[in-house]
file start_33.tsv (TSV, C-alpha atoms)
chain	number	residue	atom	x	y	z
A	13	MET	CA	35.04	-41.57	16.03
A	14	ARG	CA	34.27	-41.01	12.34
A	15	LEU	CA	33.56	-44.74	11.89
A	16	ARG	CA	31.06	-44.79	14.77
A	17	THR	CA	29.27	-41.73	13.46
A	18	THR	CA	29.10	-43.09	9.91
A	19	ILE	CA	27.65	-46.43	11.00
A	20	ALA	CA	25.12	-44.75	13.25
A	21	THR	CA	24.07	-42.30	10.57
A	22	VAL	CA	23.41	-45.12	8.11
A	23	ALA	CA	21.39	-47.03	10.70
A	24	VAL	CA	19.32	-44.02	11.69
A	25	ALA	CA	18.67	-43.20	8.04
A	26	LEU	CA	16.82	-46.51	7.78
A	27	ILE	CA	14.12	-45.08	10.04
A	28	GLY	CA	14.21	-41.57	8.66
A	29	GLY	CA	16.11	-40.07	11.57
A	30	THR	CA	18.69	-37.30	11.63
A	31	ALA	CA	22.43	-37.82	11.70
A	32	LEU	CA	23.85	-38.80	15.08
A	33	ALA	CA	25.29	-35.94	17.10
A	34	GLN	CA	29.06	-35.85	16.64
A	35	ASP	CA	29.94	-35.97	20.35
A	36	PHE	CA	28.06	-39.13	21.28
A	37	PRO	CA	29.30	-41.60	22.20
A	38	SER	CA	32.80	-40.38	23.00
A	39	GLY	CA	33.54	-43.37	25.23
A	40	SER	CA	31.80	-46.06	27.25
A	41	VAL	CA	28.33	-45.17	28.54
A	42	ASP	CA	26.95	-46.07	31.97
A	43	TYR	CA	23.36	-47.29	31.53
A	44	VAL	CA	21.69	-47.05	34.94
A	45	ILE	CA	18.61	-49.20	35.51
A	46	PRO	CA	16.64	-47.88	38.51
A	47	PHE	CA	15.36	-51.37	39.32
A	48	GLY	CA	17.00	-54.63	40.37
A	49	PRO	CA	18.38	-57.12	37.86
A	50	GLY	CA	16.15	-59.62	36.10
A	51	GLY	CA	13.13	-57.46	35.23
A	52	GLU	CA	12.03	-56.30	31.81
A	53	SER	CA	14.04	-53.06	32.07
A	54	ASP	CA	17.19	-55.05	32.72
A	55	ILE	CA	16.45	-57.69	30.07
A	56	THR	CA	15.98	-55.14	27.29
A	57	ALA	CA	19.05	-53.15	28.37
A	58	ARG	CA	21.05	-56.36	28.07
A	59	PHE	CA	19.56	-56.89	24.62
A	60	GLN	CA	20.77	-53.42	23.61
A	61	GLN	CA	24.36	-53.87	24.81
A	62	PRO	CA	25.87	-55.84	21.90
A	63	TYR	CA	24.14	-53.67	19.30
A	64	PHE	CA	25.51	-50.52	20.92
A	65	GLU	CA	29.01	-51.95	20.69
A	66	LYS	CA	28.45	-53.12	17.11
A	67	LEU	CA	27.21	-49.72	15.94
A	68	PHE	CA	29.50	-47.41	17.90
A	69	GLY	CA	32.50	-49.46	19.02
A	70	GLU	CA	31.92	-48.49	22.65
A	71	GLN	CA	30.67	-50.34	25.72
A	72	LEU	CA	27.20	-49.84	27.18
A	73	VAL	CA	27.77	-50.68	30.84
A	74	VAL	CA	24.60	-51.69	32.69
A	75	SER	CA	24.40	-50.92	36.41
A	76	TYR	CA	21.54	-50.84	38.92
A	77	GLN	CA	20.18	-48.31	41.37
A	78	PRO	CA	16.98	-49.91	42.69
A	79	GLY	CA	14.55	-48.64	45.29
A	80	GLY	CA	11.16	-47.00	45.58
A	81	GLY	CA	9.86	-48.44	42.33
A	82	GLY	CA	12.46	-46.47	40.38
A	83	ALA	CA	12.22	-43.30	42.49
A	84	VAL	CA	15.66	-43.69	44.09
A	85	GLY	CA	17.41	-43.67	40.73
A	86	TRP	CA	15.28	-40.97	39.13
A	87	SER	CA	15.72	-38.68	42.14
A	88	GLN	CA	19.49	-38.82	41.58
A	89	LEU	CA	19.55	-38.59	37.80
A	90	ASN	CA	19.99	-34.83	37.59
A	91	GLY	CA	23.03	-34.96	39.86
A	92	MET	CA	24.86	-37.13	37.34
A	93	ALA	CA	27.13	-36.05	34.49
A	94	GLY	CA	25.29	-34.51	31.55
A	95	ASP	CA	28.06	-35.13	29.03
A	96	GLY	CA	26.54	-38.29	27.55
A	97	SER	CA	28.54	-40.67	29.73
A	98	VAL	CA	25.41	-41.58	31.74
A	99	ILE	CA	21.92	-42.52	30.62
A	100	MET	CA	19.12	-43.97	32.73
A	101	GLY	CA	16.19	-46.25	32.04
A	102	ILE	CA	12.72	-44.79	32.53
A	103	ASN	CA	9.36	-46.44	32.88
A	104	LEU	CA	5.78	-45.38	32.35
A	105	PRO	CA	3.54	-45.25	34.33
A	106	HIS	CA	6.04	-45.00	37.21
A	107	ILE	CA	7.56	-41.61	36.33
A	108	VAL	CA	4.03	-40.18	36.15
A	109	VAL	CA	2.32	-41.87	39.11
A	110	LYS	CA	5.15	-41.90	41.68
A	111	PRO	CA	5.43	-38.11	42.14
A	112	LYS	CA	1.65	-37.89	42.61
A	113	GLN	CA	1.85	-40.26	45.58
A	114	GLY	CA	4.10	-38.05	47.69
A	115	ASP	CA	7.60	-36.65	47.96
A	116	VAL	CA	9.76	-39.13	46.04
A	117	GLY	CA	12.60	-36.75	45.23
A	118	PHE	CA	11.63	-35.91	41.65
A	119	GLN	CA	8.80	-34.58	39.54
A	120	THR	CA	7.78	-35.94	36.17
A	121	GLU	CA	8.93	-32.75	34.45
A	122	ASP	CA	12.42	-33.24	35.96
A	123	ILE	CA	12.96	-36.28	33.75
A	124	ALA	CA	14.60	-35.47	30.40
A	125	ALA	CA	13.25	-38.37	28.35
A	126	VAL	CA	15.02	-38.66	25.01
A	127	HIS	CA	13.76	-41.91	23.50
A	128	MET	CA	11.03	-44.48	24.24
A	129	PHE	CA	12.01	-47.68	22.47
A	130	HIS	CA	9.58	-50.39	23.56
A	131	TYR	CA	6.69	-51.43	25.72
A	132	THR	CA	5.39	-54.61	27.27
A	133	PRO	CA	1.69	-54.69	26.38
A	134	ASP	CA	-0.73	-55.58	29.15
A	135	ALA	CA	-2.51	-58.89	28.70
A	136	ILE	CA	-4.98	-61.04	30.61
A	137	VAL	CA	-3.29	-64.39	31.19
A	138	VAL	CA	-4.82	-67.59	32.55
A	139	ARG	CA	-3.48	-71.09	33.07
A	140	ALA	CA	-3.84	-73.48	30.16
A	141	ASP	CA	-6.38	-75.52	32.14
A	142	SER	CA	-8.49	-72.47	33.06
A	143	PRO	CA	-12.24	-72.66	32.41
A	144	PHE	CA	-11.93	-69.20	30.83
A	145	GLN	CA	-11.37	-70.03	27.19
A	146	THR	CA	-12.09	-66.49	25.98
A	147	LEU	CA	-12.30	-62.99	27.38
A	148	ALA	CA	-16.09	-63.20	27.06
A	149	ASP	CA	-16.04	-66.21	29.41
A	150	LEU	CA	-14.15	-64.24	32.03
A	151	VAL	CA	-16.34	-61.15	31.72
A	152	GLU	CA	-19.53	-63.23	31.95
A	153	HIS	CA	-18.28	-64.93	35.11
A	154	ALA	CA	-17.18	-61.63	36.63
A	155	LYS	CA	-20.57	-60.05	36.01
A	156	ALA	CA	-22.30	-62.96	37.76
A	157	ASN	CA	-19.75	-63.05	40.59
A	158	PRO	CA	-18.63	-59.51	41.53
A	159	LYS	CA	-15.11	-59.32	42.99
A	160	GLN	CA	-14.72	-63.11	42.81
A	161	VAL	CA	-12.39	-63.15	39.81
A	162	ILE	CA	-9.00	-62.62	41.44
A	163	PHE	CA	-6.05	-61.35	39.42
A	164	SER	CA	-2.39	-61.31	40.32
A	165	GLY	CA	-0.34	-58.41	39.05
A	166	SER	CA	2.93	-56.56	39.42
A	167	GLY	CA	2.59	-53.95	42.14
A	168	LYS	CA	0.11	-51.22	42.99
A	169	GLY	CA	0.08	-48.33	40.58
A	170	SER	CA	1.85	-50.44	37.97
A	171	ALA	CA	0.76	-50.76	34.35
A	172	ASN	CA	-0.92	-54.06	35.27
A	173	HIS	CA	-2.90	-52.49	38.09
A	174	LEU	CA	-4.01	-49.48	36.09
A	175	ALA	CA	-5.06	-51.75	33.22
A	176	GLN	CA	-7.24	-53.74	35.63
A	177	VAL	CA	-8.92	-50.55	36.83
A	178	GLN	CA	-9.50	-49.35	33.27
A	179	PHE	CA	-10.82	-52.67	32.05
A	180	ASP	CA	-13.21	-53.11	34.97
A	181	ALA	CA	-14.75	-49.76	34.04
A	182	LEU	CA	-14.91	-50.59	30.32
A	183	ALA	CA	-16.48	-54.03	30.91
A	184	ASP	CA	-18.69	-52.85	33.79
A	185	ILE	CA	-17.36	-55.54	36.09
A	186	GLN	CA	-15.75	-55.71	39.52
A	187	THR	CA	-12.70	-57.90	39.92
A	188	THR	CA	-10.07	-58.18	42.66
A	189	TYR	CA	-6.44	-57.27	42.05
A	190	VAL	CA	-3.73	-58.73	44.29
A	191	SER	CA	-0.42	-56.91	44.11
A	192	PHE	CA	2.77	-58.95	43.97
A	193	LYS	CA	6.38	-57.80	43.98
A	194	GLY	CA	7.21	-58.11	40.31
A	195	THR	CA	6.03	-60.03	37.30
A	196	GLY	CA	7.79	-63.23	38.38
A	197	ALA	CA	5.90	-63.44	41.66
A	198	ALA	CA	2.60	-62.69	39.92
A	199	VAL	CA	3.23	-65.52	37.45
A	200	THR	CA	4.11	-67.91	40.27
A	201	ALA	CA	0.79	-67.10	41.94
A	202	LEU	CA	-1.07	-67.82	38.70
A	203	LEU	CA	0.69	-71.09	37.97
A	204	GLY	CA	0.29	-72.18	41.59
A	205	GLY	CA	-3.46	-71.65	41.49
A	206	GLN	CA	-3.49	-68.86	44.10
A	207	VAL	CA	-5.38	-66.67	41.63
A	208	GLY	CA	-7.67	-67.36	38.72
A	209	ALA	CA	-6.01	-65.00	36.25
A	210	GLU	CA	-3.18	-62.51	35.90
A	211	TRP	CA	-2.94	-59.00	34.60
A	212	GLY	CA	0.45	-59.62	33.09
A	213	TYR	CA	2.32	-58.77	29.94
A	214	THR	CA	2.79	-60.40	26.56
A	215	THR	CA	6.26	-61.33	27.83
A	216	VAL	CA	4.55	-63.79	30.18
A	217	GLY	CA	3.02	-65.56	27.18
A	218	ALA	CA	6.42	-65.69	25.48
A	219	LYS	CA	8.20	-67.08	28.52
A	220	GLN	CA	5.56	-69.51	29.81
A	221	GLY	CA	4.50	-70.93	26.45
A	222	ASP	CA	1.87	-73.67	26.54
A	223	THR	CA	1.42	-73.50	30.32
A	224	VAL	CA	-0.67	-70.34	29.94
A	225	ARG	CA	-3.25	-68.82	27.61
A	226	MET	CA	-3.59	-65.13	26.84
A	227	LEU	CA	-7.19	-64.01	26.41
A	228	ALA	CA	-6.46	-60.55	24.98
A	229	VAL	CA	-3.59	-58.10	24.51
A	230	ALA	CA	-3.75	-54.34	25.03
A	231	MET	CA	-2.28	-53.36	21.66
A	232	GLU	CA	-3.50	-51.47	18.63
A	233	GLU	CA	-2.78	-54.54	16.48
A	234	ARG	CA	-2.14	-58.17	17.32
A	235	HIS	CA	1.32	-59.04	18.55
A	236	PRO	CA	3.42	-60.65	15.78
A	237	ALA	CA	4.48	-63.47	18.12
A	238	PHE	CA	0.84	-64.23	19.06
A	239	PRO	CA	-1.25	-63.86	15.90
A	240	ASP	CA	-4.13	-65.89	17.35
A	241	VAL	CA	-4.60	-63.69	20.43
A	242	PRO	CA	-7.10	-60.85	19.84
A	243	THR	CA	-6.64	-57.29	20.99
A	244	PHE	CA	-9.03	-55.76	23.50
A	245	ARG	CA	-10.15	-53.34	20.80
A	246	GLU	CA	-11.14	-56.21	18.53
A	247	LEU	CA	-13.35	-57.47	21.35
A	248	GLY	CA	-15.00	-54.11	21.91
A	249	TYR	CA	-12.86	-52.62	24.69
A	250	ASP	CA	-10.80	-49.51	23.94
A	251	LEU	CA	-7.72	-50.49	25.90
A	252	VAL	CA	-4.15	-49.98	24.70
A	253	SER	CA	-1.76	-50.06	27.62
A	254	GLY	CA	1.40	-51.50	29.09
A	255	ALA	CA	4.71	-50.60	30.66
A	256	TYR	CA	6.53	-48.19	28.33
A	257	ARG	CA	10.30	-48.00	28.62
A	258	GLY	CA	12.95	-45.68	27.34
A	259	VAL	CA	16.00	-43.69	28.32
A	260	ALA	CA	16.59	-40.30	29.88
A	261	VAL	CA	19.61	-38.08	30.42
A	262	PRO	CA	20.42	-35.59	33.17
A	263	ASN	CA	18.67	-32.28	32.51
A	264	SER	CA	22.09	-30.57	32.26
A	265	ALA	CA	22.72	-32.45	28.99
A	266	SER	CA	23.07	-30.25	25.92
A	267	GLU	CA	20.70	-30.40	22.96
A	268	GLU	CA	23.42	-32.19	21.00
A	269	VAL	CA	23.85	-34.87	23.68
A	270	ARG	CA	20.09	-35.38	24.00
A	271	GLN	CA	19.71	-35.80	20.25
A	272	GLY	CA	22.77	-38.01	20.07
A	273	VAL	CA	21.44	-40.40	22.71
A	274	ALA	CA	18.03	-40.45	21.04
A	275	ASP	CA	19.58	-41.25	17.67
A	276	ALA	CA	21.75	-44.01	19.15
A	277	ILE	CA	18.80	-45.79	20.73
A	278	ALA	CA	16.80	-45.37	17.51
A	279	ALA	CA	19.68	-46.89	15.55
A	280	ILE	CA	19.63	-49.98	17.77
A	281	ASN	CA	15.85	-50.22	17.32
A	282	ALA	CA	16.35	-50.20	13.55
A	283	ASP	CA	18.51	-53.32	13.59
A	284	PRO	CA	16.49	-56.30	12.24
A	285	ASP	CA	18.20	-58.76	14.59
A	286	PHE	CA	17.37	-56.61	17.59
A	287	GLN	CA	13.79	-56.29	16.42
A	288	LYS	CA	13.44	-60.07	16.12
A	289	GLN	CA	14.95	-60.61	19.56
A	290	MET	CA	12.51	-58.17	21.12
A	291	ILE	CA	9.43	-59.53	19.34
A	292	ASP	CA	10.33	-63.15	20.13
A	293	GLY	CA	10.60	-62.13	23.78
A	294	GLY	CA	7.07	-60.75	23.75
A	295	PHE	CA	8.05	-57.08	23.66
A	296	ALA	CA	6.54	-54.49	21.32
A	297	LEU	CA	8.80	-51.98	19.58
A	298	LEU	CA	8.25	-48.26	19.87
A	299	ASP	CA	10.10	-45.29	18.38
A	300	VAL	CA	9.31	-42.02	20.10
A	301	SER	CA	12.24	-39.62	20.01
A	302	TYR	CA	13.22	-36.44	21.76
A	303	GLY	CA	11.25	-33.33	20.81
A	304	GLU	CA	7.61	-32.55	20.12
A	305	ALA	CA	6.73	-36.21	19.52
A	306	MET	CA	8.03	-37.13	22.97
A	307	ASP	CA	6.19	-34.26	24.65
A	308	ALA	CA	2.90	-35.27	23.02
A	309	PHE	CA	3.40	-38.95	23.83
A	310	LEU	CA	4.15	-38.32	27.51
A	311	ALA	CA	1.23	-35.90	27.86
A	312	GLU	CA	-1.21	-38.39	26.34
A	313	LYS	CA	-0.04	-41.29	28.49
A	314	ALA	CA	0.07	-39.19	31.66
A	315	SER	CA	-3.56	-38.21	31.27
A	316	GLY	CA	-4.75	-41.81	31.11
A	317	TYR	CA	-2.50	-43.01	33.93
A	318	ILE	CA	-3.52	-40.23	36.29
A	319	GLU	CA	-7.23	-40.85	35.70
A	320	ALA	CA	-6.83	-44.59	36.30
A	321	ALA	CA	-4.69	-44.01	39.41
A	322	LYS	CA	-7.34	-41.71	40.85
A	323	ASN	CA	-10.05	-44.30	40.16
A	324	ALA	CA	-7.91	-46.89	41.91
A	325	GLY	CA	-7.50	-44.66	44.96
A	326	ILE	CA	-3.73	-44.60	44.54
A	327	ILE	CA	-3.61	-40.81	44.22
A	328	GLU	CA	-6.06	-38.07	45.13
call {"tool": "encode", "arguments": {"input": "start_33.tsv", "output": "structure tokens"}}
result
Amino acid sequence: MRLRTTIATVAVALIGGTALAQDFPSGSVDYVIPFGPGGESDITARFQQPYFEKLFGEQLVVSYQPGGGGAVGWSQLNGMAGDGSVIMGINLPHIVVKPKQGDVGFQTEDIAAVHMFHYTPDAIVVRADSPFQTLADLVEHAKANPKQVIFSGSGKGSANHLAQVQFDALADIQTTYVSFKGTGAAVTALLGGQVGAEWGYTTVGAKQGDTVRMLAVAMEERHPAFPDVPTFRELGYDLVSGAYRGVAVPNSASEEVRQGVADAIAAINADPDFQKQMIDGGFALLDVSYGEAMDAFLAEKASGYIEAAKNAGIIE
């Protein structure tokens, strides 16, 4: 136990964190992903597994509890053990938008988020042979042809969908968004020519390579893996958005367990090899830990998501 704590403390010190709580981890940890296997939440959890074992000498055991766009898992989180043996993946905007759509078994404030460690930035993606060479080309065409630019995207009320709503308002255009079940299906529709563009993620650019072209990314700065792709802000549109992911614990967890989990995830994020793996995969790293920083982050994101969801007619 002393070895695990020492290693973790050194790793967290690299990012200016506090020492890891002494009682975490005290054994293997069940990492519940409230989605099916193969998505970004699963991929990044799998990335974390070997680093967790390297730092703490314990297993991070990934399991799945899919259904309702994450709602099935989140509705059961607070019935699980709060001793640090269980953590669960969380996703923005889902934990904000889902409860506003009806009775899904949880409220946003029920979720004890302890660390947000990455996001997949939204991006407009077209095929390599698309006539849209730049974002200006797409906007010009959309202005001349209202609702005729058709985007694929991952689900209604998803980060992709809300980005489309926000961008249409910023660019003063009207486009059409077609919801698909997951990023993979949205990419298939793009590559198959069923749609002219996709509201996807930077991960699509990383995975599809030269078969696609990203016109802009919704980041504050350019993505390190795509230095030639401009941000929306560079092009005059104040859009920073994506699917933000992190971990939560049952709300019965003690302050020590919450801080311990937060420090453990932060320690993994501080590992240079993990950072490279994430960036090469098209992900963007984030370090928002439990406490006032988390509260402020969630409040800021919730405000934007709720406004966009109302504009999209997803919630009242």
call {"tool": "closest_residue", "arguments": {"input": "start_33.tsv", "among": "A:Ser253, A:Gln186, A:Gln287, A:Gln176", "to": "Pro158 of chain A", "atoms": "all atoms listed in the file"}}
result
A:Gln186
call {"tool": "closest_residue", "arguments": {"input": "start_33.tsv", "among": "A:His127, A:Lys112, A:Lys159, A:Lys168", "to": "Val261 of chain A", "atoms": "all atoms listed in the file"}}
result
A:His127
call {"tool": "atom_distance", "arguments": {"input": "start_33.tsv", "atom1": "atom CA of Gln88 of chain A", "atom2": "atom CA of Ala198 of chain A"}}
result
29.3 Å
call {"tool": "closest_residue", "arguments": {"input": "start_33.tsv", "among": "A:Asp149, A:Leu182, A:Gly212, A:Phe129", "to": "Phe163 of chain A", "atoms": "only C-alpha atoms"}}
result
A:Gly212
call {"tool": "residues_around", "arguments": {"input": "start_33.tsv", "residues": "segment 75-78 of chain A", "least_positions_apart": "5", "cutoff": "6 Å", "atoms": "all atoms listed in the file", "output": "NGL selection string"}}
result
:A and (44-48 or 85)
call {"tool": "atom_distance", "arguments": {"input": "start_33.tsv", "atom1": "atom CA of Ser266 of chain A", "atom2": "atom CA of Leu310 of chain A"}}
result
20.6 Å
call {"tool": "closest_residue", "arguments": {"input": "start_33.tsv", "among": "A:Ile99, A:Ile162, A:Val190, A:Val224", "to": "Asp141 of chain A", "atoms": "all atoms listed in the file"}}
result
A:Val224
call {"tool": "closest_residue", "arguments": {"input": "start_33.tsv", "among": "A:Leu203, A:Ala305, A:Thr187, A:Pro143", "to": "Asn157 of chain A", "atoms": "all atoms listed in the file"}}
result
A:Thr187
call {"tool": "residues_around", "arguments": {"input": "start_33.tsv", "residues": "Asp307 of chain A", "least_positions_apart": "4", "cutoff": "12 Å", "atoms": "all atoms listed in the file", "output": "PyMOL selection string"}}
result
chain A and resi 120-121+123-128+300-303+311-314
call {"tool": "residues_around", "arguments": {"input": "start_33.tsv", "residues": "Leu247 of chain A", "least_positions_apart": "5", "cutoff": "9 Å", "atoms": "only C-alpha atoms", "output": "compact mmCIF listing (two decimals) with C-alpha atoms, in the coordinates of the input"}}
result
# COMPACT_ATOMS: atom_id res chain seq x y z
CA LEU A 147 -12.30 -62.99 27.38
CA ALA A 148 -16.09 -63.20 27.06
CA ALA A 228 -6.46 -60.55 24.98
CA PRO A 242 -7.10 -60.85 19.84
call {"tool": "closest_residue", "arguments": {"input": "start_33.tsv", "among": "A:Ile185, A:Ile318, A:Val273, A:Val216", "to": "Gly94 of chain A", "atoms": "only C-alpha atoms"}}
result
A:Val273
call {"tool": "atom_distance", "arguments": {"input": "start_33.tsv", "atom1": "atom CA of Tyr63 of chain A", "atom2": "atom CA of Ala237 of chain A"}}
result
22.0 Å
call {"tool": "residues_around", "arguments": {"input": "start_33.tsv", "residues": "Ala183 of chain A", "least_positions_apart": "3", "cutoff": "9 Å", "atoms": "all atoms listed in the file", "output": "PyMOL selection string"}}
result
chain A and resi 151+155+178-180+186+249
call {"tool": "residues_around", "arguments": {"input": "start_33.tsv", "residues": "Ala140 of chain A", "least_positions_apart": "3", "cutoff": "8 Å", "atoms": "all atoms listed in the file", "output": "list in words"}}
result
Asp222, Thr223, Val224 and Arg225 of chain A
call {"tool": "residues_near_point", "arguments": {"input": "start_33.tsv", "point": "(3.4, -47.1, 36.9)", "cutoff": "8 Å", "atoms": "all atoms listed in the file", "output": "JSON, numbers by chain"}}
result
{"A": [103, 104, 105, 106, 107, 108, 109, 110, 169, 170, 171, 174, 255, 317]}
call {"tool": "decode", "arguments": {"input": "start_33.tsv", "residues": "segment 192-213 of chain A", "atoms": "N, CA and C atoms", "output": "compact mmCIF listing (two decimals), in the first residue's frame"}}
result
# COMPACT_ATOMS: atom_id res chain seq x y z
N PHE A 192 -27.67 9.64 -36.04
CA PHE A 192 -27.32 8.24 -36.18
C PHE A 192 -26.97 7.67 -34.82
N LYS A 193 -27.01 6.35 -34.72
CA LYS A 193 -26.74 5.69 -33.44
C LYS A 193 -25.23 5.49 -33.29
N GLY A 194 -24.58 6.53 -32.83
CA GLY A 194 -23.15 6.44 -32.56
C GLY A 194 -22.29 7.06 -33.64
N THR A 195 -21.06 7.34 -33.25
CA THR A 195 -20.11 7.97 -34.16
C THR A 195 -19.81 7.09 -35.36
N GLY A 196 -19.68 5.78 -35.14
CA GLY A 196 -19.36 4.86 -36.23
C GLY A 196 -20.38 4.91 -37.35
N ALA A 197 -21.66 4.91 -36.99
CA ALA A 197 -22.72 4.95 -38.00
C ALA A 197 -22.74 6.29 -38.73
N ALA A 198 -22.44 7.36 -38.00
CA ALA A 198 -22.40 8.69 -38.63
C ALA A 198 -21.25 8.78 -39.63
N VAL A 199 -20.13 8.18 -39.31
CA VAL A 199 -18.99 8.15 -40.22
C VAL A 199 -19.31 7.33 -41.46
N THR A 200 -19.95 6.19 -41.26
CA THR A 200 -20.33 5.33 -42.39
C THR A 200 -21.24 6.09 -43.36
N ALA A 201 -22.16 6.87 -42.82
CA ALA A 201 -23.05 7.67 -43.67
C ALA A 201 -22.28 8.71 -44.46
N LEU A 202 -21.27 9.31 -43.84
CA LEU A 202 -20.45 10.30 -44.53
C LEU A 202 -19.64 9.65 -45.64
N LEU A 203 -18.94 8.58 -45.31
CA LEU A 203 -18.08 7.93 -46.29
C LEU A 203 -18.89 7.31 -47.42
N GLY A 204 -20.12 6.91 -47.13
CA GLY A 204 -20.99 6.32 -48.14
C GLY A 204 -21.73 7.32 -49.00
N GLY A 205 -21.53 8.62 -48.71
CA GLY A 205 -22.16 9.65 -49.51
C GLY A 205 -23.62 9.89 -49.20
N GLN A 206 -24.12 9.36 -48.07
CA GLN A 206 -25.51 9.61 -47.69
C GLN A 206 -25.72 11.04 -47.21
N VAL A 207 -24.64 11.66 -46.73
CA VAL A 207 -24.69 13.05 -46.26
C VAL A 207 -23.49 13.79 -46.84
N GLY A 208 -23.58 15.11 -46.82
CA GLY A 208 -22.50 15.91 -47.38
C GLY A 208 -21.41 16.26 -46.39
N ALA A 209 -21.70 16.12 -45.11
CA ALA A 209 -20.74 16.47 -44.07
C ALA A 209 -21.14 15.77 -42.78
N GLU A 210 -20.26 15.82 -41.81
CA GLU A 210 -20.55 15.22 -40.50
C GLU A 210 -20.17 16.19 -39.40
N TRP A 211 -21.05 16.31 -38.41
CA TRP A 211 -20.65 16.89 -37.14
C TRP A 211 -20.10 15.72 -36.34
N GLY A 212 -18.78 15.59 -36.39
CA GLY A 212 -18.12 14.50 -35.70
C GLY A 212 -17.16 15.03 -34.66
N TYR A 213 -16.14 14.24 -34.41
CA TYR A 213 -15.13 14.61 -33.43
C TYR A 213 -13.74 14.57 -34.08
